[in-house]
Structures are given as structure tokens and as C-alpha cells.
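Okay, structure first, notes after.
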Amino acid sequence: MSARWIRGPVGPDADRRVTVAGCRTVLVVVPHPAAGTRLLSDVVPLLRDDPRVQVVFSVTDTGQRWHGTEDQVRARGGLVVPWDQATQLDFDLVLAAGYNDIDQVRGPLLLLPHGAGNLASRRYSRHAGPGALPHTGLSRESLTRRGRVLPAAIGLSHEDEVAALRTSCPEALHTAVVVGDPCLDRMVASAPLRSRYREALGVPEDGRLVTVSSTWAPDSAFGSRPSLCRALLDELPAERYRVALVLHPNAWAVHGRWQVRAWLHECIEAGLLVIPPEEGWRATVVASDHVLGDHGSTTQYAAAIGTPVALASFPDGNVRRGSLADAVRRCCPRVDPTRPLLPQLPAAVPGSGASHLAGLVSSRPGAAAVELRRTMYRLLDLPEPTGPARVEAVPAPVPLRPDPT
């Protein structure tokens with residue numbers, strides 16, 4: 001036994017330590033902050049209020065780690081089991097939002113996406129070399145090891161993903177469960193709280209909120225136009241407009257919180273509302289009058305709920321045709337960086353356009369909480385709780401405060 005192992009509620013001698021005995025054990029695999037955000041916010045809460053279930057977390061550790069991932073779990077009160085301990089134990093259910101190291105865990109695996117859909121928006125993998133072939137996601141390489149299908153269930157967002165899985169990895173087709181998209185469902189359920197979110201962000205009653213939405217990597221909105229927030233603050237009348245920034249969790253993890261704040265120090269002092277990576281981005285998008293985005297999931301969700309979206313950047317050569325990002329490109333205008341920004345802020349997306357995009361994100365609108373909980377309890381071999389699986393509104397945003405020094 002490693003000296004790093006913890007004396008927790010799992011393992012062969014756990015019955016000598018626990019207070020609540022006889023629980024089914026759930027392992028939540030958190031390889032990076034984006035996966036942690038999806039699992040902690042939208043999936044794990046569906047197991048609350050059930051004394052039959054014990055949930056523990058583990059941050060994958062195979063020699064390289066994403067900075068801040070374990071802090072993210074601990075900040076939510078999760079019990080973190082060291083990876084080398086977690087991979088030696090058997091669990092009644094394993095939850096993962098990505099393919100990282102899922103072959104190393106033991107137990108029925110429910111595999112979910114950590115963004116909008118399971119199919120890739122990027123034409124080529126981030127890890128692929130210049131001679132790589134295009135990919136769509138749900139690949140055999142990701143879903144199998146040595147001929148064995150790894151997931152016991154793959155939570156799909158859309159019926160179209162079933163067809164994609166039938167082509168890319170037909171031996172995994174029996175694991176497909178179309179659950180919909182819990183993130184989109186919660187954003188739709190949060191619409192009645194829009195005024196409350198705007199108040200939390202300090203948007204005047206007759207004011208406008210412009211949000212910059214950026215994924216990570218150099219071709220993102222922030223990576224390709226790091227001065228965009230400054231330009232908006234300089235151009236938009238401060239008495240009427242507020243400007244917010246939603247930055248992908250992996251950007252925070254790669255560069256560190258200090259560096260992100262340092263880059264944005266003057267902007268924050270000038271009133272930029274920087275939304276922390278753990279929570280608040282969805283409420284900010286719901287509260288927004290305009291979103292300037294890119295090819296990332298946040299921009300896709302914004303367009304799907306009908307928020308007016310314009311593209312501040314877009315990597316045309318590396319977006320897969322037919323993807324969600326491609327659909328957003330086709331219906332949203334682009335911002336010309338050589339012209340003033342205010343006249344280019346988009347009008348409302350036509351209702352039919354937003355409905356079309358929402359239908360591409362999920363073919364089970366409003367059903368994700370029900371379908372996810374049903375699938376988890378099936379894999380746990382437990383009857384579901386009698387109460388309904390609720391779609392909860394998202395919490396109000398809490399932007400970063402200016403540095404007191």
C-alpha cells in the first residue's frame with residue numbers, strides 16, 4: 001500500500017472506518033478542469049440525498065496533470081482519492097467526461113462529453129501531427145482497448161451521434177444511451193432568472209451586457225485577439241454597457257490564475273467582469289445581450305438559447321464540416337476587427353435559427369436529468385429515488401473582484 005493512500009470510505013477495510021455502511025461507491029474521474037466542471041455541476045448532483053450512495057473523486061495522474069484540477073474538486077468538498085489508489089479498487093459506478101485514462105479504472109463506466117456533444121468541432125485532433133486524418137469523435141481508439149469496449153454506457157446528446165457511433169465503433173453501439181444535454185437544459189431552465197443574474201453582474205436596468213466567450217488555444221477569441229476586451233471597454237459607453245469575459249477552464253489551468261489576472265489587470269480595474277472558470281459562465285450567457293465568441297462550446301450554447309452571437313475569431317481550416325461549430329459559423333455574423341465594434345454587435349438570432357441550433361445540441365430537450373439519473377442507477381443496480389430528477393437553474397455569477405493592492 002502506498003504511503004499516499006488515504007483512509008477513506010473505499011477499499012477492502014473500509015467497513016472499519018465508515019459511519020454509513022453498505023453504500024454503493026461511485027468514482028468520479030476528473031482529468032482536467034473542463035471535465036470537472038461538467039461532472040461537478042451537472043451530473044454528480046443527481047446522486048444527492050441518497051444514503052445508499054458514496055461518491056469519491058480522483059484526478060488522473062499518469063505523469064502529467066492539469067494545474068488546479070484537484071483544487072477544483074476540493075473547493076467543492078469532494079473527497080479526493082489518489083489516482084494510484086483509485087486504479088486498484090473496484091467501484092459500482094465510474095463517471096467520466098472524456099477519454100483520459102478510462103482504461104485504468106474498474107467498474108461500470110458511464111462516459112459523457114464535457115462540452116456540447118460527443119462529436120468533435122475541430123477537424124483535426126489537438127494532439128495530431130501535420131499528417132493526421134480528420135476525425136469526428138467517438139473513435140474506436142478512444143472507446144476500446146485490446147478489443148474490449150470500455151464504457152458500459154455512453155451518454156449521447158443527440159440521435160445523430162448514434163449514427164456516428166454506428167460508423168466509427170459499431171461494437172460499442174449497444175452501450176449508447178441518448179440522454180440529451182444537461183448543460184443546455186439548465187440554461188433554458190435559468191431563463192426566468194435572467195434579471196437576477198444581470199443584477200448580480202451590475203448591469204443597469206436599461207443597460208446592455210456584452211460577453212466575450214473564448215475557448216482555449218491560439219485560434220480562440222482570446223488567443224487571437226487578447227485586446228478585444230480592452231477595445232470593448234474603450235468603445236462602449238460605460239454608463240450603459242457592461243463587458244464580461246468567459247474564458248475556457250483549460251486556459252486558466254495552463255496559464256494559472258495569477259497570469260490570467262495579470263493579463264487582464266487594467267481591464268478588471270476598468271470594469272471588466274471576469275467570470276471564474278468553475279461556475280457562473282452559464283448565468284452570464286443567459287444574462288447577456290450580445291456574445292462575441294469563437295468555435296467553442298460556450299458560443300454554441302449561447303446561440304442555442306437565442307442570445308445574439310457574433311464571431312470574433314474562427315479557425316476556418318480546422319473546423320469539421322457538419323459540426324456544431326460549423327452550424328454556428330453558418331448562422332452568425334463575423335466581427336471585422338478593423339471597424340468599430342458597437343455597430344457590429346448582433347441583433348437577435350431569429351427564433352427559427354436558435355431553435356435549429358438547440359435541436360442540433362440535444363434531441364432530448366429537458367430530459368437530461370431524468371435520463372442521466374436513470375442510467376446511473378441502472379448501472380448501480382439500485383432502484384431510483386422516488387422523487388423526481390429536477391432540472392435546476394444555475395447559480396448567479398460572481399465575477400472576480402479587482403486586486404485590492
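Lettering and numbering for the C-alpha cells are positional, with chains as A, B, ... in the shown order, residues counted from 1 in each chain, and ligands counted from 1 in the shown order.
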
Write out as CSV a residue-level contact list of range 263-305 of chain A versus range 180-199 of chain A with cut-off 8 Å: for each qualifying residue the closest pair of atoms and the distance in Å to one decimal, counting only C-alpha atoms, rows sorted by chain and residue number upward.
```
residue,atom,partner,partner_atom,distance
A:Arg282,CA,A:Met187,CA,6.4
A:Ala283,CA,A:Tyr197,CA,6.2
A:Thr284,CA,A:Tyr197,CA,6.9
A:Val286,CA,A:Arg194,CA,6.1
A:Ala287,CA,A:Arg194,CA,5.1
A:Ser288,CA,A:Arg198,CA,7.9
A:Tyr301,CA,A:Leu184,CA,6.6
A:Ile305,CA,A:Val188,CA,6.7
```

Selection near Gly322 in chain A, 10 Å with only C-alpha atoms, sequence-local residues under 6 positions removed, as a list in words: Leu119, Ala120, Ser121 and Thr136 of chain A

Point-to-point distance in Å for CA of Arg52 in chain A and CA of Thr386 in chain A: 13.4 Å

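With only C-alpha atoms taken into account, the protein and nucleic acid residues at most 7 Å from Leu245 in chain A (excluding it and anything under 5 positions from it in its own chain) are Thr211, Val212, Ser213, Leu273, Val274 and Ile275 of chain A.
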
Go ahead and save the picked residues with all heavy atoms, as a compact mmCIF listing (two decimals), in the first residue's frame.
```txt
# COMPACT_ATOMS: atom_id res chain seq x y z
N THR A 211 -20.71 39.95 -23.71
CA THR A 211 -19.83 38.92 -23.17
C THR A 211 -18.91 38.39 -24.26
O THR A 211 -19.37 38.04 -25.34
CB THR A 211 -20.64 37.76 -22.57
OG1 THR A 211 -21.39 38.25 -21.45
CG2 THR A 211 -19.73 36.63 -22.10
N VAL A 212 -17.62 38.36 -23.95
CA VAL A 212 -16.64 37.71 -24.82
C VAL A 212 -16.51 36.27 -24.36
O VAL A 212 -16.20 35.99 -23.19
CB VAL A 212 -15.28 38.43 -24.76
CG1 VAL A 212 -14.24 37.67 -25.58
CG2 VAL A 212 -15.41 39.87 -25.24
N SER A 213 -16.76 35.35 -25.26
CA SER A 213 -16.69 33.91 -24.97
C SER A 213 -15.51 33.33 -25.72
O SER A 213 -15.43 33.43 -26.94
CB SER A 213 -17.99 33.23 -25.42
OG SER A 213 -17.80 31.85 -25.60
N LEU A 273 -15.87 42.29 -16.26
CA LEU A 273 -16.41 41.24 -15.39
C LEU A 273 -15.81 39.91 -15.81
O LEU A 273 -16.27 39.29 -16.78
CB LEU A 273 -17.93 41.21 -15.49
CG LEU A 273 -18.65 42.53 -15.20
CD1 LEU A 273 -20.12 42.45 -15.63
CD2 LEU A 273 -18.54 42.90 -13.74
N VAL A 274 -14.75 39.48 -15.13
CA VAL A 274 -14.11 38.21 -15.46
C VAL A 274 -14.78 37.11 -14.66
O VAL A 274 -14.79 37.14 -13.42
CB VAL A 274 -12.60 38.26 -15.16
CG1 VAL A 274 -11.94 36.92 -15.48
CG2 VAL A 274 -11.94 39.37 -15.97
N ILE A 275 -15.35 36.14 -15.35
CA ILE A 275 -16.11 35.07 -14.72
C ILE A 275 -15.15 33.92 -14.39
O ILE A 275 -14.44 33.44 -15.27
CB ILE A 275 -17.24 34.57 -15.64
CG1 ILE A 275 -18.08 35.76 -16.12
CG2 ILE A 275 -18.10 33.55 -14.92
CD1 ILE A 275 -18.69 36.60 -15.02
```

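The gap separating CA of Cys331 in chain A from CA of Phe314 in chain A is 13.2 Å, in Å to one decimal.
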
DSSP strand (DSSP E or B) residues within range 158-299 of chain A, listed as number ranges by chain: A: 176-178, 208-214, 241-247, 273-275, 290-293

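The spacing separating CA of Ser139 in chain A from CA of Gly36 in chain A amounts to 22.2 Å.
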
Range 365-378 of chain A surroundings by only C-alpha atoms, 10 Å radius, close-in-sequence under 3 positions cut, as a count of residues only: 48

Shell around Arg261 in chain A at 10 Å using only C-alpha atoms, local window under 4 positions removed, as a ChimeraX atom specification: /A:252,256-257,265-268,274,400,402-403

Shell of 7 Å around Val319 in chain A, only C-alpha atoms, local chain residues under 6 positions omitted, as a ChimeraX atom specification: /A:121-123,325-326

Test item: residues at most 12 Å from Arg74 in chain A, only C-alpha atoms, excluding those fewer than 2 positions along its chain, as a list in words: Val30, Gly36, Leu40, Val56, Phe57, Ser58, Val59, Gly68, Thr69, Glu70, Asp71, Gln72, Arg76, Gly77, Gly78, Leu79, Val80 and Val81 of chain A

Output all heavy atoms of each residue in that selection to a file, as a CSV table (one decimal), in the first residue's frame.
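Final file, again16.csv:
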```csv
chain,number,residue,atom,x,y,z
A,30,VAL,N,-11.7,12.8,-12.8
A,30,VAL,CA,-11.5,14.3,-13.2
A,30,VAL,C,-10.1,14.5,-13.8
A,30,VAL,O,-9.2,14.7,-13.1
A,30,VAL,CB,-11.7,15.2,-12.0
A,30,VAL,CG1,-11.8,16.6,-12.5
A,30,VAL,CG2,-13.0,14.8,-11.3
A,36,GLY,N,-14.2,18.4,-14.9
A,36,GLY,CA,-14.6,18.6,-13.5
A,36,GLY,C,-15.8,19.5,-13.5
A,36,GLY,O,-16.8,19.3,-12.7
A,40,LEU,N,-19.1,17.9,-11.8
A,40,LEU,CA,-19.4,18.5,-10.5
A,40,LEU,C,-20.7,19.3,-10.6
A,40,LEU,O,-21.5,19.3,-9.6
A,40,LEU,CB,-18.3,19.4,-10.0
A,40,LEU,CG,-17.1,18.7,-9.5
A,40,LEU,CD1,-15.8,19.6,-9.5
A,40,LEU,CD2,-17.3,18.1,-8.1
A,56,VAL,N,-16.8,9.4,-4.5
A,56,VAL,CA,-15.4,9.9,-4.3
A,56,VAL,C,-14.9,10.4,-5.6
A,56,VAL,O,-15.4,10.0,-6.7
A,56,VAL,CB,-14.5,8.8,-3.7
A,56,VAL,CG1,-15.0,8.4,-2.3
A,56,VAL,CG2,-14.4,7.6,-4.6
A,57,PHE,N,-13.8,11.1,-5.6
A,57,PHE,CA,-13.2,11.7,-6.8
A,57,PHE,C,-11.8,11.3,-6.9
A,57,PHE,O,-11.1,11.0,-5.9
A,57,PHE,CB,-13.3,13.2,-6.8
A,57,PHE,CG,-14.7,13.8,-6.6
A,57,PHE,CD1,-15.4,13.8,-5.4
A,57,PHE,CD2,-15.4,14.2,-7.7
A,57,PHE,CE1,-16.7,14.3,-5.3
A,57,PHE,CE2,-16.7,14.7,-7.6
A,57,PHE,CZ,-17.3,14.7,-6.4
A,58,SER,N,-11.3,11.3,-8.1
A,58,SER,CA,-9.8,11.1,-8.4
A,58,SER,C,-9.4,11.8,-9.6
A,58,SER,O,-10.1,11.9,-10.6
A,58,SER,CB,-9.5,9.6,-8.5
A,58,SER,OG,-8.1,9.4,-8.5
A,59,VAL,N,-8.2,12.5,-9.4
A,59,VAL,CA,-7.6,13.3,-10.5
A,59,VAL,C,-6.6,12.4,-11.2
A,59,VAL,O,-5.7,11.9,-10.5
A,59,VAL,CB,-7.0,14.6,-10.0
A,59,VAL,CG1,-6.3,15.3,-11.1
A,59,VAL,CG2,-8.1,15.4,-9.3
A,68,GLY,N,-4.5,22.9,-11.0
A,68,GLY,CA,-5.7,23.4,-10.4
A,68,GLY,C,-6.9,22.4,-10.4
A,68,GLY,O,-7.9,22.7,-9.8
A,69,THR,N,-6.7,21.2,-11.0
A,69,THR,CA,-7.8,20.3,-11.1
A,69,THR,C,-8.2,19.8,-9.7
A,69,THR,O,-9.4,19.7,-9.3
A,69,THR,CB,-7.5,19.1,-12.0
A,69,THR,OG1,-7.0,19.6,-13.3
A,69,THR,CG2,-8.7,18.2,-12.3
A,70,GLU,N,-7.2,19.3,-8.9
A,70,GLU,CA,-7.5,18.8,-7.6
A,70,GLU,C,-8.1,19.9,-6.7
A,70,GLU,O,-9.0,19.7,-5.9
A,70,GLU,CB,-6.2,18.2,-7.0
A,70,GLU,CG,-6.5,17.5,-5.7
A,70,GLU,CD,-5.4,16.6,-5.3
A,70,GLU,OE1,-4.8,15.9,-6.2
A,70,GLU,OE2,-5.1,16.5,-4.0
A,71,ASP,N,-7.5,21.1,-6.9
A,71,ASP,CA,-8.1,22.3,-6.1
A,71,ASP,C,-9.6,22.5,-6.4
A,71,ASP,O,-10.4,22.8,-5.5
A,71,ASP,CB,-7.3,23.5,-6.4
A,71,ASP,CG,-5.9,23.5,-5.9
A,71,ASP,OD1,-5.6,22.7,-5.0
A,71,ASP,OD2,-5.0,24.2,-6.4
A,72,GLN,N,-9.9,22.3,-7.7
A,72,GLN,CA,-11.3,22.5,-8.1
A,72,GLN,C,-12.2,21.5,-7.4
A,72,GLN,O,-13.3,21.9,-6.9
A,72,GLN,CB,-11.4,22.3,-9.6
A,72,GLN,CG,-12.8,22.3,-10.2
A,72,GLN,CD,-12.9,21.8,-11.6
A,72,GLN,OE1,-12.1,20.9,-12.0
A,72,GLN,NE2,-13.8,22.4,-12.4
A,76,ARG,N,-15.1,22.1,-3.9
A,76,ARG,CA,-16.5,21.7,-3.8
A,76,ARG,C,-16.7,20.7,-2.7
A,76,ARG,O,-17.8,20.2,-2.6
A,76,ARG,CB,-16.9,21.1,-5.1
A,76,ARG,CG,-16.8,22.1,-6.3
A,76,ARG,CD,-17.9,23.2,-6.3
A,76,ARG,NE,-19.1,22.6,-6.7
A,76,ARG,CZ,-19.6,22.6,-7.9
A,76,ARG,NH1,-18.8,23.2,-8.9
A,76,ARG,NH2,-20.8,22.1,-8.2
A,77,GLY,N,-15.7,20.4,-1.9
A,77,GLY,CA,-15.8,19.5,-0.8
A,77,GLY,C,-15.7,18.0,-1.1
A,77,GLY,O,-16.0,17.2,-0.3
A,78,GLY,N,-15.2,17.7,-2.4
A,78,GLY,CA,-15.1,16.3,-2.8
A,78,GLY,C,-13.9,15.6,-2.1
A,78,GLY,O,-12.9,16.2,-1.9
A,79,LEU,N,-14.1,14.4,-1.8
A,79,LEU,CA,-13.1,13.5,-1.2
A,79,LEU,C,-12.2,13.0,-2.4
A,79,LEU,O,-12.7,12.3,-3.2
A,79,LEU,CB,-13.6,12.4,-0.4
A,79,LEU,CG,-12.6,11.4,0.2
A,79,LEU,CD1,-11.9,12.0,1.3
A,79,LEU,CD2,-13.3,10.1,0.7
A,80,VAL,N,-10.9,13.4,-2.4
A,80,VAL,CA,-10.0,13.1,-3.5
A,80,VAL,C,-9.2,11.8,-3.1
A,80,VAL,O,-8.4,11.8,-2.2
A,80,VAL,CB,-9.1,14.2,-3.8
A,80,VAL,CG1,-8.2,13.8,-5.0
A,80,VAL,CG2,-9.9,15.5,-4.2
A,81,VAL,N,-9.4,10.8,-3.9
A,81,VAL,CA,-8.6,9.5,-3.7
A,81,VAL,C,-7.4,9.6,-4.6
A,81,VAL,O,-7.6,9.9,-5.8
A,81,VAL,CB,-9.5,8.3,-4.0
A,81,VAL,CG1,-8.7,7.0,-3.9
A,81,VAL,CG2,-10.7,8.2,-3.1
```

Residue set, range 24-141 of chain A restricted to helix (DSSP H, G or I), as a PyMOL selection string: chain A and resi 33-47+69-75+83-86+102-104+140-141

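Proximity to Leu345 in chain A was assessed for A:Leu201, A:Val291, A:Cys229, A:Leu272 counting only C-alpha atoms; the smallest distance is recorded for A:Val291.
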